[in-house]
Amino acid sequence: MPQLKYWQAINQAMAEELERDPATCLLGEDVGAAGGAFGASAKLQERFGEWRVRDTPISEATIVGAALGASMSGLRPIVEVMFFDFMAVAMDQVVNQAAKISFMSAGKYHAPMVVRTMAGTGRGTGPQHGQNLEGWLAHVPGLKVVWASEPADAKGLLKSAIRDDDPVVVIESLALWSRRGEVPEDPDHLVPIGRAAIRRAGRDVTVVSWGAAVHRALAAAAELEPEVDVEVVDLRSLSPLDREGLFASVEKTGRLVVVHEAVGSFGPGAEIASLAADECFDALRAPVRRVTPPFAPVPFPPQLEKAYFPQVTDIVAAVRDVTRRAA
Amino acid sequence: MPQLKYWQAINQAMAEELERDPATCLLGEDVGAAGGAFGASAKLQERFGEWRVRDTPISEATIVGAALGASMSGLRPIVEVMFFDFMAVAMDQVVNQAAKISFMSAGKYHAPMVVRTMAGTGRGTGPQHGQNLEGWLAHVPGLKVVWASEPADAKGLLKSAIRDDDPVVVIESLALWSRRGEVPEDPDHLVPIGRAAIRRAGRDVTVVSWGAAVHRALAAAAELEPEVDVEVVDLRSLSPLDREGLFASVEKTGRLVVVHEAVGSFGPGAEIASLAADECFDALRAPVRRVTPPFAPVPFPPQLEKAYFPQVTDIVAAVRDVTRRAA
Amino acid sequence: MTEWFASSDGEISSEQALDIYRVMLTIRSFESAAADLLAGGRLPGFLHLSIGQEGVAAGVCSALGPEDGITTTHRGHGHCIAKGGSVDRMMAELFGRGEGYCKGRSGSMHIMDADAGILGAHAIVGAGLPMAVGAAYSAKVRGERRVAVAFFGEGAVGEGVFHESLNLAALWSLPVVFVCENNRYAELSHVSMHLSAKHVADFGAPYGIPAATLDGNDVLAVASAARKAVGRARDGGGPTLLEFETYRWRGHFEGDPQRYRSRDEVASWQARDPVARFQERLEAGFAVDVAELDRIEREASTAVERAVEWAESLPPAPPTSLLEDVYRSGSA
Amino acid sequence: MTEWFASSDGEISSEQALDIYRVMLTIRSFESAAADLLAGGRLPGFLHLSIGQEGVAAGVCSALGPEDGITTTHRGHGHCIAKGGSVDRMMAELFGRGEGYCKGRSGSMHIMDADAGILGAHAIVGAGLPMAVGAAYSAKVRGERRVAVAFFGEGAVGEGVFHESLNLAALWSLPVVFVCENNRYAELSHVSMHLSAKHVADFGAPYGIPAATLDGNDVLAVASAARKAVGRARDGGGPTLLEFETYRWRGHFEGDPQRYRSRDEVASWQARDPVARFQERLEAGFAVDVAELDRIEREASTAVERAVEWAESLPPAPPTSLLEDVYRSGSA
Ligand SMILES: Cc1ncc(C[n+]2csc(CCOP(=O)(O)OP(=O)(O)O)c2C)c(N)n1
Ligand SMILES: Cc1ncc(C[n+]2csc(CCOP(=O)(O)OP(=O)(O)O)c2C)c(N)n1
Ligand SMILES: [Mg+2]
Ligand SMILES: [Mg+2]
């Protein structure tokens with residue numbers, strides 16, 4: 001299988017889907033002539049023309065709303081919102097309109113659109129370019145939310161999202177941008193939305209994570225071996241959530257640690273933790289722990305980013321803590 | 001003590017604070033001449049003039065941003081955002097700017113501003129006027145979030161919010177608008193932000209709730225008596241959260257049910273549940289349950305609102321379920 | 001600019017004129033019935049009525065075909081009826097019945113009909129404009145000759161998406177017509193309290209978008225201007241901004257005590273009733289006889305009465321429908 | 001309108017002119033140093049430089065007093081320096097040191113200084129405009145003669161808050177000056193790809209806001225226009241919209257390969273260097289001798305060198321500072 005970088009996998013997914021279905025189009029700031037602020041749409045405008053791959057003004061709310069209107073009128077638009085934080089500007093159109101179109105029209109309309117947005121975490125971007133807001137989105141009925149940790153999933157999830165008939169928010173990690181991995185060439189390489197991946201099987205504790213944090217969870221698991229046998233679950237899809245996959249793992253290990261790069265309080269990890277505390281209560285042998293940044297804005301310099309975002313040592317400590325207990 | 005309706009308590013809080021501090025002002029659509037879309041600011045413009053109580057265009061983002069700029073320049077603005085759902089339009093200014101001003105300026109600026117917004121839940125307002133998004137807000141470092149269930153708290157929390165030096169989002173329940181209660185006349189009647197209230201002490205199970213749902217929790221508790229002795233905790237403040245109060249109650253009862261009117265998945269109840277699953281793990285004797293609407297947009301007609309929002313019977317069933325277990 | 005949009009005799013045939021009249025009366029009947037039903041406690045929810053503004057809905061939609069799309073607002077009954085929405089299914093929606101457009105779950109502010117090209121009434125002020133722009137973008141990309149119309153109130157000019165939508169439509173020369181119903185009020189506030197521009201149409205100029213402020217209570221003037229704007233859009237000429245001056249006779253919502261305006265002001269606008277004016281015009285200019293007009297009026301009110309009867313007879317939407325259609329594909 | 005803003009001889013004294021010159025050179029020194037430091041791997045984070053645009057920052061801020069406020073953007077070093085921000089604390093912030101304006105936690109895009117009236121650089125495009133409007137509202141309510149200035153790029157016109165802010169400022173006649181630096185590009189896109197209006201100044205008209213498009217590389221023209229706009233605002237005359245045509249010499253961010261523009265285009269603007277032009281003017285019009293100008297240039301670069309030396313010598317901001325200032329009052 002060919003090796004691609006994470007961003008190349010995204011580029012390939014879009015190229016293939018633009019090729020496959022003339023209804024697919026891409027809208028966003030600098031996505032066209034420039035090929036994307038970070039290169040994800042390189043060469044797409046050349047191939048598919050300036051209407052299907054279209055540069056937009058800096059008008060996130062209207063671009064998302066226009067994508068919605070277009071998706072109700074025969075197109076399958078992909079919108080790029082450059083940084084995750086900027087979703088806040090477009091939140092009304094995403095949540096009050098796009099997410100509710102199928103419901104409000106009793107299914108007569110639907111919104112086969114994708115919003116791609118990039119998480120700046122770990123790239124020195126600071127308080128207004130480094131936030132992780134996946135918890136907001138996953139809280140909205142009518143939306144789907146996915147986040148790949150590997151190039152193959154970056155391709156397969158994005159392709160699934162583009163082919164999905166509902167609005168899907170696809171979050172991409174700038175921290176993984178140059179990460180290489182094997183990516184299937186199959187033009188129908190689809191990673192199903194709503195299915196988690198077990199990245200490392202283990203018996204003692206389940207560590208659930210997504211995006212860039214998955215790799216730290218894996219590093220922690222490696223460090224803990226053979227002392228603790230850690231199962232690392234890459235959620236991939238926050239909404240819908242792979243409840244069965246999650247429960248099966250927690251039932252097996254009896255211990256759960258959730259790791260993410262959004263702040264903890266009222267954050268996405270709380271859903272995972274409380275599902276387990278309800279549905280897997282009898283199996284749980286230790287407190288459910290979340291490893292997250294502190295409740296503060298995102299700092300920019302490397303030493304503070306390191307202190308802020310969960311590191312391998314933090315995960316190791318949390319796992320040790322919950323496995324130390326006999327309960 | 002005089003009896004006031006919930007909205008009158010809000011009105012009184014604003015009147016007193018506008019009187020007390022000339023830096024306080026109120027901005028919003030129809031808040032001035034009309035006295036508020038729902039009357040909360042009745043007569044305030046007459047008393048305090050058209051500059052301090054100011055009608056605005058329909059520009060939520062800019063009004064919140066202007067309030068922020070004003071709060072950094074000597075005023076203490078209150079902004080009214082008519083329905084909770086409309087917060088989505090202003091989310092960028094609330095979250096990316098207002099919440100981070102103190103941090104980004106190293107405390108040299110701060111944002112003593114209040115955003116008041118009304119939850120339409122239970123008033124037949126439907127999918128774009130009935131959402132509850134408190135989970136989004138509580139997830140943001142730098143913001144505080146409060147929600148009163150009684151007129152006395154509506155006054156006391158709002159007054160605390162106005163005097164607070166940080167941005168506070170004050171959520172008000174239209175469903176409680178005409179609810180009467182004793183409200184202290186004391187012009188310094190302040191309900192501390194960050195302190196929950198035990199509305200009913202009990203030994204068997206802790207039911208945590210806020211806003212209008214508190215009253216259903218109390219009704220459920222009454223219905224369950226003497227079979228189950230329910231402790232009803234009215235959170236009042238989502239951020240900061242009264243962790244000590246919460247933990248003390250759960251440690252005592254060993255059982256937790258969270259009830260709210262936001263959808264469950266990735267919702268605010270998850271934070272309460274997972275805090276308990278971590279910090280009170282040893283005390284927990286049953287699965288932690290959340291009673292919430294289904295994962296769907298808000299319907300408008302009475303029979304569907306009733307089926308959608310948690311009812312007394314739903315709470316009773318959840319409490320019975322968790323207390324039935326020996327664990 | 002205003003002149004370019006002016007109507008000329010013979011532009012609208014008698015048949016078209018009678019269709020327009022029927023639409024206006026259907027809107028008025030529908031909303032009058034809804035007002036009575038709400039007042040009588042028979043309807044749940046909220047109502048925002050457009051009585052007095054029927055000329056804009058009927059006139060603009062007379063220039064549209066079924067393939068064209070519209071977006072509208074909380075005050076959208078008129079636009080939906082004029083665009084071909086079924087009064088039966090609209091009434092069922094207002095009643096919260098499963099046969100309504102949203103299976104009775106969303107109510108008056110959220111009528112959508114894919115068959116009639118009603119991309120939807122949206123209750124977030126300004127929210128429909130980007131959607132209409134998107135529908136127009138779709139037409140352009142797909143090489144279809146469809147046009148999209150965004151209806152909105154003058155209050156929506158306060159929202160940034162209005163301006164963003166104009167910019168995008170102009171920049172991409174999209175087949176979209178922006179139709180502002182300037183009814184002088186946004187909720188309880190007069191336009192002077194929320195807008196510093198003299199005319200909403202003034203916002204066309206910076207973008208080079210043709211724009212005009214016209215009498216919204218003269219349905220033929222509306223129809224004629226709409227024909228020009230829609231024709232221009234369909235022929236690839238790009239967007240137009242039409243501002244129609246009009247007035248709502250009822251409160252912002254049913255139950256609004258309306259302390260913000262005088263009875264005289266209301267009366268002065270009622271004297272400019274778009275229905276009555278058009279009636280006179282039909283009799284004079286189109287030589288339609290009164291009996292014909294009466295017949296149309298009766299038919300319109302009968303259709304609405306039947307809709308009420310039917311809708312009310314249906315059972316309330318069942319709780320089982322709550323989770324339907326949240327997702328089109330597999331659910332979360 | 002443009003004429004009203006034109007500069008006249010004698011408006012700016014020699015002393016003021018030299019101050020302006022010093023500011024321009026300090027900005028250029030500061031940003032050149034920062035570029036070198038980043039290229040040399042000595043600075044973390046991202047940098048968006050305004051070299052080539054110094055005339056706007058220096059000219060506009062020369063019309064402001066310490067009591068006045070500004071908001072700016074991701075490209076805000078120049079405005080902050082011109083408004084009286086300390087190059088030491090700015091440089092310390094860029095280095096991520098505890099002595100920086102945000103204790104080294106926020107970096108280049110978020111300089112704020114309450115003492116100098118810098119309400120902040122905000123990295124969300126358009127976000128600073130409402131804040132400036134709010135500061136002006138505060139001045140109005142409190143009866144203070146303070147003025148607020150919002151600096152922004154032409155790209156911000158794409159964001160709705162730009163328009164909402166103009167409306168609010170006009171409607172309330174607030175003491176705010178909107179200063180657009182039209183440097184022809186928003187990130188990697190030419191203005192023609194994101195704006196359908198000819199001039200950003202065109203957006204003043206619908207609101208009745210005085211507006212003009214002026215040469216941003218002629219610092220005296222900038223200073224003069226700013227004096228008029230600020231004076232008008234201070235005297236209760238309301239808002240003004242000033243568009244300054246200018247150009248950034250560097251990429252959107254340091255490291256930008258700049259495939260979207262030609263070297264010739266860059267060179268043609270470098271030939272209109274605001275610093276060099278002002279230097280000539282100072283020598284010719286103000287009879288300042290070259291030695292004096294050299295002295296100022298040396299002082300500016302020495303100040304920046306010292307700032308670099310000092311900032312780099314400081315320890316990195318400690319992790320303990322992460323939770324500081326999240327809340328002003330008790331924490332969550
Ligand atoms: C974003 C948003 N803000 C506020 C409201 C509340 N609201 C509903 S209608 C309305 C006034 C709209 O005025 P206009 O656009 O003139 O329409 P009209 O009601 O006159 O038809 C307001 C403020 C809303 N629905 N959405
Ligand atoms: C809401 C938002 N969208 C997108 C961006 C990404 N972005 C940063 S700068 C920029 C271009 C801004 O152009 P302009 O306003 O002309 O300012 P300039 O960079 O030319 O000074 C963009 C799109 C952002 N920071 N915020
Ligand atoms: Mg109106
Ligand atoms: Mg620019």
# chains A, B, ... in the order shown; residues from 1 in each chain; ligands from 1
>>> residues_near_ligand(ligand="ligand 2", cutoff="9 Å", atoms="only C-alpha atoms and all ligand atoms", output="PyMOL selection string")
(chain A and resi 29-30+37+57-60+81-83+85-90+128-129) or (chain B and resi 92) or (chain D and resi 48-50+73-76+122-127+152-159+180-191+247-248+252-253)
>>> residues_around(residues="Pro112 in chain B", least_positions_apart="5", cutoff="6 Å", atoms="only C-alpha atoms", output="list in words")
Ser71, Arg76, Asp165, Asp166 and Pro167 of chain B
>>> write_last_selection(atoms="N, CA and C atoms", output="JSON list (two decimals), in the first residue's frame")
[["chain", "number", "residue", "atom", "x", "y", "z"],
["B", 71, "SER", "N", -17.18, 46.87, 28.48],
["B", 71, "SER", "CA", -16.80, 46.36, 29.81],
["B", 71, "SER", "C", -15.31, 46.54, 30.06],
["B", 76, "ARG", "N", -20.30, 48.27, 32.96],
["B", 76, "ARG", "CA", -20.61, 46.90, 33.36],
["B", 76, "ARG", "C", -21.90, 46.50, 32.64],
["B", 165, "ASP", "N", -16.67, 40.32, 38.27],
["B", 165, "ASP", "CA", -15.71, 40.95, 37.35],
["B", 165, "ASP", "C", -15.42, 40.11, 36.12],
["B", 166, "ASP", "N", -16.04, 38.95, 36.03],
["B", 166, "ASP", "CA", -15.85, 38.10, 34.85],
["B", 166, "ASP", "C", -17.13, 38.04, 34.03],
["B", 167, "PRO", "N", -17.01, 37.63, 32.77],
["B", 167, "PRO", "CA", -18.23, 37.48, 31.97],
["B", 167, "PRO", "C", -19.08, 36.33, 32.50]]
>>> residues_around(residues="range 1-12 of chain A", least_positions_apart="6", cutoff="7 Å", atoms="only C-alpha atoms", output="list in words")
Ala40, Ser41, Ala42, Glu150, Pro151, Ala152, Ala154, Lys155, Leu176, Trp177, Ser178, Arg179, Arg180, Gly181, Glu182, Val183 and Pro184 of chain A
>>> write_last_selection(atoms="N, CA and C atoms", output="PDB file, in the first residue's frame")
ATOM      1  N   ALA A  40      -4.285  21.205   1.808  1.00  0.00           N
ATOM      2  CA  ALA A  40      -5.151  20.025   1.706  1.00  0.00           C
ATOM      3  C   ALA A  40      -5.864  19.940   0.357  1.00  0.00           C
ATOM      4  N   SER A  41      -6.080  21.085  -0.283  1.00  0.00           N
ATOM      5  CA  SER A  41      -6.795  21.032  -1.563  1.00  0.00           C
ATOM      6  C   SER A  41      -5.868  21.338  -2.752  1.00  0.00           C
ATOM      7  N   ALA A  42      -4.597  21.048  -2.567  1.00  0.00           N
ATOM      8  CA  ALA A  42      -3.619  21.307  -3.629  1.00  0.00           C
ATOM      9  C   ALA A  42      -4.069  20.709  -4.958  1.00  0.00           C
ATOM     10  N   GLU A 150      -5.104   8.717  11.843  1.00  0.00           N
ATOM     11  CA  GLU A 150      -4.163   8.103  10.904  1.00  0.00           C
ATOM     12  C   GLU A 150      -4.522   8.519   9.478  1.00  0.00           C
ATOM     13  N   PRO A 151      -3.543   8.582   8.593  1.00  0.00           N
ATOM     14  CA  PRO A 151      -3.820   8.936   7.204  1.00  0.00           C
ATOM     15  C   PRO A 151      -4.910   8.070   6.564  1.00  0.00           C
ATOM     16  N   ALA A 152      -4.885   6.780   6.809  1.00  0.00           N
ATOM     17  CA  ALA A 152      -5.877   5.908   6.166  1.00  0.00           C
ATOM     18  C   ALA A 152      -7.294   6.298   6.595  1.00  0.00           C
ATOM     19  N   ALA A 154      -8.065   9.297   7.750  1.00  0.00           N
ATOM     20  CA  ALA A 154      -8.314  10.656   7.252  1.00  0.00           C
ATOM     21  C   ALA A 154      -8.951  10.559   5.874  1.00  0.00           C
ATOM     22  N   LYS A 155      -8.466   9.624   5.078  1.00  0.00           N
ATOM     23  CA  LYS A 155      -9.065   9.430   3.759  1.00  0.00           C
ATOM     24  C   LYS A 155     -10.438   8.758   3.879  1.00  0.00           C
ATOM     25  N   LEU A 176      -0.924  16.329  13.058  1.00  0.00           N
ATOM     26  CA  LEU A 176      -0.669  15.065  12.359  1.00  0.00           C
ATOM     27  C   LEU A 176      -0.418  15.281  10.865  1.00  0.00           C
ATOM     28  N   TRP A 177      -0.395  16.536  10.459  1.00  0.00           N
ATOM     29  CA  TRP A 177      -0.402  16.890   9.035  1.00  0.00           C
ATOM     30  C   TRP A 177       0.632  16.109   8.225  1.00  0.00           C
ATOM     31  N   SER A 178       1.824  15.955   8.765  1.00  0.00           N
ATOM     32  CA  SER A 178       2.898  15.300   8.010  1.00  0.00           C
ATOM     33  C   SER A 178       3.083  13.848   8.425  1.00  0.00           C
ATOM     34  N   ARG A 179       2.199  13.361   9.239  1.00  0.00           N
ATOM     35  CA  ARG A 179       2.301  11.964   9.659  1.00  0.00           C
ATOM     36  C   ARG A 179       2.077  11.052   8.448  1.00  0.00           C
ATOM     37  N   ARG A 180       2.931  10.066   8.326  1.00  0.00           N
ATOM     38  CA  ARG A 180       2.803   9.136   7.209  1.00  0.00           C
ATOM     39  C   ARG A 180       2.099   7.853   7.627  1.00  0.00           C
ATOM     40  N   GLY A 181       1.467   7.242   6.661  1.00  0.00           N
ATOM     41  CA  GLY A 181       0.848   5.951   6.943  1.00  0.00           C
ATOM     42  C   GLY A 181       0.410   5.306   5.651  1.00  0.00           C
ATOM     43  N   GLU A 182       0.132   4.030   5.713  1.00  0.00           N
ATOM     44  CA  GLU A 182      -0.355   3.333   4.529  1.00  0.00           C
ATOM     45  C   GLU A 182      -1.797   3.714   4.278  1.00  0.00           C
ATOM     46  N   VAL A 183      -2.077   4.037   3.041  1.00  0.00           N
ATOM     47  CA  VAL A 183      -3.433   4.465   2.700  1.00  0.00           C
ATOM     48  C   VAL A 183      -3.915   3.654   1.497  1.00  0.00           C
ATOM     49  N   PRO A 184      -5.006   2.932   1.676  1.00  0.00           N
ATOM     50  CA  PRO A 184      -5.505   2.106   0.567  1.00  0.00           C
ATOM     51  C   PRO A 184      -5.793   2.944  -0.670  1.00  0.00           C
TER      52      PRO A 184
END
>>> closest_residue(among="C:Glu305, C:Glu243, C:Asp289, C:Glu254", to="ligand 3", atoms="only C-alpha atoms and all ligand atoms")
C:Glu243
>>> interface_residues(of="chain D", to="chain A", cutoff="6 Å", atoms="only C-alpha atoms", output="MDAnalysis selection string")
chainID D and resid 44:45 96 105:106 158:159 194 319 323 326
>>> write_last_selection(atoms="C-alpha atoms", output="mmCIF file, in the first residue's frame")
data_model
loop_
_atom_site.group_PDB
_atom_site.id
_atom_site.type_symbol
_atom_site.label_atom_id
_atom_site.label_comp_id
_atom_site.auth_asym_id
_atom_site.auth_seq_id
_atom_site.Cartn_x
_atom_site.Cartn_y
_atom_site.Cartn_z
ATOM 1 C CA PRO D 44 8.265 30.091 18.590
ATOM 2 C CA GLY D 45 4.824 30.449 17.000
ATOM 3 C CA GLY D 96 6.969 33.307 25.294
ATOM 4 C CA ARG D 105 1.177 32.725 26.880
ATOM 5 C CA SER D 106 -0.609 34.229 23.880
ATOM 6 C CA GLY D 158 -16.262 39.696 4.379
ATOM 7 C CA GLU D 159 -17.302 39.215 7.993
ATOM 8 C CA HIS D 194 -13.228 38.165 -1.772
ATOM 9 C CA PRO D 319 3.734 26.179 33.474
ATOM 10 C CA LEU D 323 -4.104 28.918 35.144
ATOM 11 C CA VAL D 326 -8.428 32.795 33.517
#
>>> closest_residue(among="D:Asp36, D:Asp68, D:Asp202, D:Glu245", to="ligand 4", atoms="only C-alpha atoms and all ligand atoms")
D:Glu245
>>> atom_distance(atom1="CA of Gln97 in chain B", atom2="CA of Ala132 in chain D")
12.7 Å
>>> select_by_dssp(residues="range 21-182 of chain B", states="helix (DSSP H, G or I)", output="ChimeraX atom specification")
/B:44-52,60-71,84-104,134-138,151-163,174-176
>>> closest_atom_pairs(of="chain D", to="chain C", cutoff="10 Å", atoms="only C-alpha atoms", output="CSV")
residue,atom,partner,partner_atom,distance
D:Val157,CA,C:Glu164,CA,8.5
D:Gly158,CA,C:Glu164,CA,6.0
D:Glu159,CA,C:Glu164,CA,6.6
D:Gly160,CA,C:Gly160,CA,3.3
D:Val161,CA,C:Gly160,CA,5.7
D:Phe162,CA,C:Gly160,CA,7.7
D:His163,CA,C:Gly160,CA,6.2
D:Glu164,CA,C:Gly160,CA,5.8
D:Ser165,CA,C:Gly160,CA,9.2
D:Leu166,CA,C:Ser196,CA,9.1
D:Asn167,CA,C:Ser196,CA,5.9
D:Leu168,CA,C:Ser196,CA,7.7
D:Ala169,CA,C:Ser196,CA,8.9
D:Ala170,CA,C:Ser196,CA,6.1
D:Leu171,CA,C:Ser196,CA,4.8
D:Trp172,CA,C:Ser196,CA,8.6
D:Ser173,CA,C:Ser196,CA,9.6
D:Ser192,CA,C:Leu171,CA,8.4
D:Met193,CA,C:Leu171,CA,7.7
D:His194,CA,C:Leu171,CA,7.3
D:Leu195,CA,C:Leu171,CA,6.6
D:Ser196,CA,C:Leu171,CA,4.8
D:Ala197,CA,C:Tyr207,CA,4.7
D:Lys198,CA,C:Pro206,CA,7.4
D:His199,CA,C:Pro206,CA,7.9
D:Val200,CA,C:Pro206,CA,8.4
D:Ala201,CA,C:Pro206,CA,8.9
D:Asp202,CA,C:Pro206,CA,5.4
D:Phe203,CA,C:Pro206,CA,6.0
D:Gly204,CA,C:Pro206,CA,9.0
D:Ala205,CA,C:Asp202,CA,8.2
D:Pro206,CA,C:Ala197,CA,5.3
D:Tyr207,CA,C:Ala197,CA,4.7
D:Gly208,CA,C:Ala197,CA,7.0
D:Ile209,CA,C:Ser196,CA,9.6
